[in-house]
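Peer 1: Before anything else, here's the structure in question.
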Amino acid sequence: MSAADLTDYADRNVTNRLETVSGVASVNIYGDRPYTMRVWLDPVAMAACGITVNDIAAALEDNNLALPTGQIETGSRAYLLRAETRLSDVAAFDDLILAERGGAQVRLGEVAQVEPGVEDDDSVFRANGETAIGLGVLRQSAANTIEISAAIRAAVEDLQGELPEGTTIGITSDDADFIRNSIRQVLTTLAIAVAVIFLFLTWLRATLVPAVTSLVALLGACAGIVLAGFSINILTLFAPFLAIGLVVDDAIVVLENSGRRIDEGDDP
């Protein structure tokens with residue numbers, strides 16, 4: 001499919017499906033090349049017919065309108081009506097009347113060449129060397145990135161089976177991957193910290209104190225984020241990540257002081 005065909009198909013069949021996913025604010029098309037009609041003016045023919053560029057622009061504008069005309073109500077439903085006078089093919093453009101000169105009608109096809117094309121023919125969007133377009137899914141401010149990611153992936157799998165032959169759809173970038181990686185890194189870092197503490201203290205019971213306090217602090221912070229109505233994302237996870245270091249440091253200080261007091265003869 002050409003870029004124009006891909007744009008038209010995505011606009012008609014894909015963006016609306018993705019926008020129905022809960023938490024999605026909008027879906028933008030990047031690298032799109034929507035269909036348009038290109039009008040190549042013939043200055044010689046225009047001069048012979050006494051037609052100016054303004055005449056052509058005014059005629060095109062007057063014959064490409066979309067106006068609301070009211071609504072039809074049937075029971076519990078209301079249907080909005082729009083009147084459109086859009087020109088849709090080359091023959092309609094060629095037959096467009098521009099003016100009357102000497103009792104004869106001057107049509108657009110007499111002073112210009114009309115051909116189908118795309119709005120922007122100066123750029124190319126490709127993926128893996130193939131003609132492509134990009135879709136950007138924007139989430140609502142209060143939506144959960146991980147939940148939206150899972151729902152979008154499910155929608156993409158459904159769409160894959162409905163695409164025209166030779167066309168594929170895939171996900172190249174997902175913000176949820178960064179969040180998942182961050183969570184994994186926190187758990188890995190916490191495990192490494194506990195292992196290092198045990199290596200230096202060589203006391204299992206003492207090592208459990210910073211391990212348990214860190215885990216409780218992390219779970220409490222995540223619970224607070226959820227109860228406050230915030231979603232789990234990179235920004236909301238950044239503060240707990242920093243706080244874990246403080247919790248571990250404080251636990252080690254308390255353990256060291258307790259051990260010193262016991263060594264000095266105080267009761268445990």
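To be explicit about the labels: the chains of the structure tokens are called A, B, and onward in the order shown, and within each one the residues are counted from 1, while ligands get numbers from 1 in the order they are shown.
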I need the residues in stretch 164-255 of chain A that are helix (DSSP H, G or I) according to DSSP; give them as a VMD selection string.

Peer 2: chain A and resid 175 to 201 204 to 227 234 to 255

Peer 1: For stretch 140-157 of chain A, please output as number ranges by chain all residues within 8 Å (counting only C-alpha atoms; exclusion window: fewer than 2 positions along the same chain).

Peer 2: A: 17-18, 21-25, 138, 159-161, 169-171, 174-176, 179, 229-233

Peer 1: What is the distance between atom CA of A:Ala4 and atom CA of A:Arg139, in Å to one decimal?

Peer 2: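 That distance, rounded to one decimal, is 26.5 Å.
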
Peer 1: May I ask which of the residues A:Leu242, A:Val111, A:Val254, A:Ala3 is the closest one to A:Val124, counting only C-alpha atoms?

Peer 2: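 For A:Val124, the nearest of the candidates is A:Ala3.
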
Peer 1: Nearest residue to A:Tyr30 out of A:Val196, A:Ala206, A:Val137, A:Val253, using only C-alpha atoms?

Peer 2: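 Looking only at the distances to A:Tyr30, the closest residue turns out to be A:Val137.
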
Peer 1: Using DSSP on the backbone, list every residue of stretch 117-235 of chain A that comes out as strand (DSSP E or B), and give them as a VMD selection string.

Peer 2: chain A and resid 117 to 118 126 to 127 130 to 131 134 to 139

Peer 1: For the residues selected in the previous step, produce a file with N, CA and C atoms as an mmCIF file, in the first residue's frame.

Peer 2:
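Contents of again.cif, freshly written:
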```
data_model
loop_
_atom_site.group_PDB
_atom_site.id
_atom_site.type_symbol
_atom_site.label_atom_id
_atom_site.label_comp_id
_atom_site.auth_asym_id
_atom_site.auth_seq_id
_atom_site.Cartn_x
_atom_site.Cartn_y
_atom_site.Cartn_z
ATOM 1 N N GLY A 117 -3.312 13.417 -5.722
ATOM 2 C CA GLY A 117 -1.987 13.373 -5.122
ATOM 3 C C GLY A 117 -2.092 13.371 -3.613
ATOM 4 N N VAL A 118 -1.029 13.808 -2.956
ATOM 5 C CA VAL A 118 -0.999 13.898 -1.497
ATOM 6 C C VAL A 118 -0.652 15.328 -1.105
ATOM 7 N N ARG A 126 9.558 5.806 6.602
ATOM 8 C CA ARG A 126 9.782 4.388 6.337
ATOM 9 C C ARG A 126 10.075 3.634 7.642
ATOM 10 N N ALA A 127 9.770 2.343 7.628
ATOM 11 C CA ALA A 127 10.098 1.447 8.734
ATOM 12 C C ALA A 127 10.664 0.162 8.152
ATOM 13 N N GLU A 130 10.556 -0.060 4.423
ATOM 14 C CA GLU A 130 9.266 -0.120 3.745
ATOM 15 C C GLU A 130 8.459 1.151 4.009
ATOM 16 N N THR A 131 7.589 1.494 3.067
ATOM 17 C CA THR A 131 6.698 2.638 3.243
ATOM 18 C C THR A 131 5.818 2.412 4.469
ATOM 19 N N GLY A 134 3.328 6.357 11.159
ATOM 20 C CA GLY A 134 3.436 6.133 12.591
ATOM 21 C C GLY A 134 2.172 6.555 13.318
ATOM 22 N N LEU A 135 1.847 5.833 14.373
ATOM 23 C CA LEU A 135 0.703 6.158 15.213
ATOM 24 C C LEU A 135 1.210 6.433 16.624
ATOM 25 N N GLY A 136 0.859 7.582 17.168
ATOM 26 C CA GLY A 136 1.255 7.938 18.527
ATOM 27 C C GLY A 136 0.040 7.932 19.444
ATOM 28 N N VAL A 137 0.070 7.078 20.462
ATOM 29 C CA VAL A 137 -1.048 6.968 21.405
ATOM 30 C C VAL A 137 -0.736 7.820 22.629
ATOM 31 N N LEU A 138 -1.585 8.794 22.904
ATOM 32 C CA LEU A 138 -1.416 9.675 24.060
ATOM 33 C C LEU A 138 -2.405 9.267 25.141
ATOM 34 N N ARG A 139 -1.904 9.080 26.353
ATOM 35 C CA ARG A 139 -2.773 8.653 27.450
ATOM 36 C C ARG A 139 -3.364 9.854 28.171
#
```

Peer 1: Just how far from atom CA of A:Glu162 is atom CA of A:Thr15, in Å to one decimal?

Peer 2: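 A separation of 13.8 Å between them.
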
Peer 1: Considering only C-alpha atoms, state which residue in the set A:Ile97, A:Leu6, A:Leu199, A:Ala78 is at the smallest distance from A:Asp62.

Peer 2: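 The answer is A:Ile97, which sits nearest to A:Asp62.
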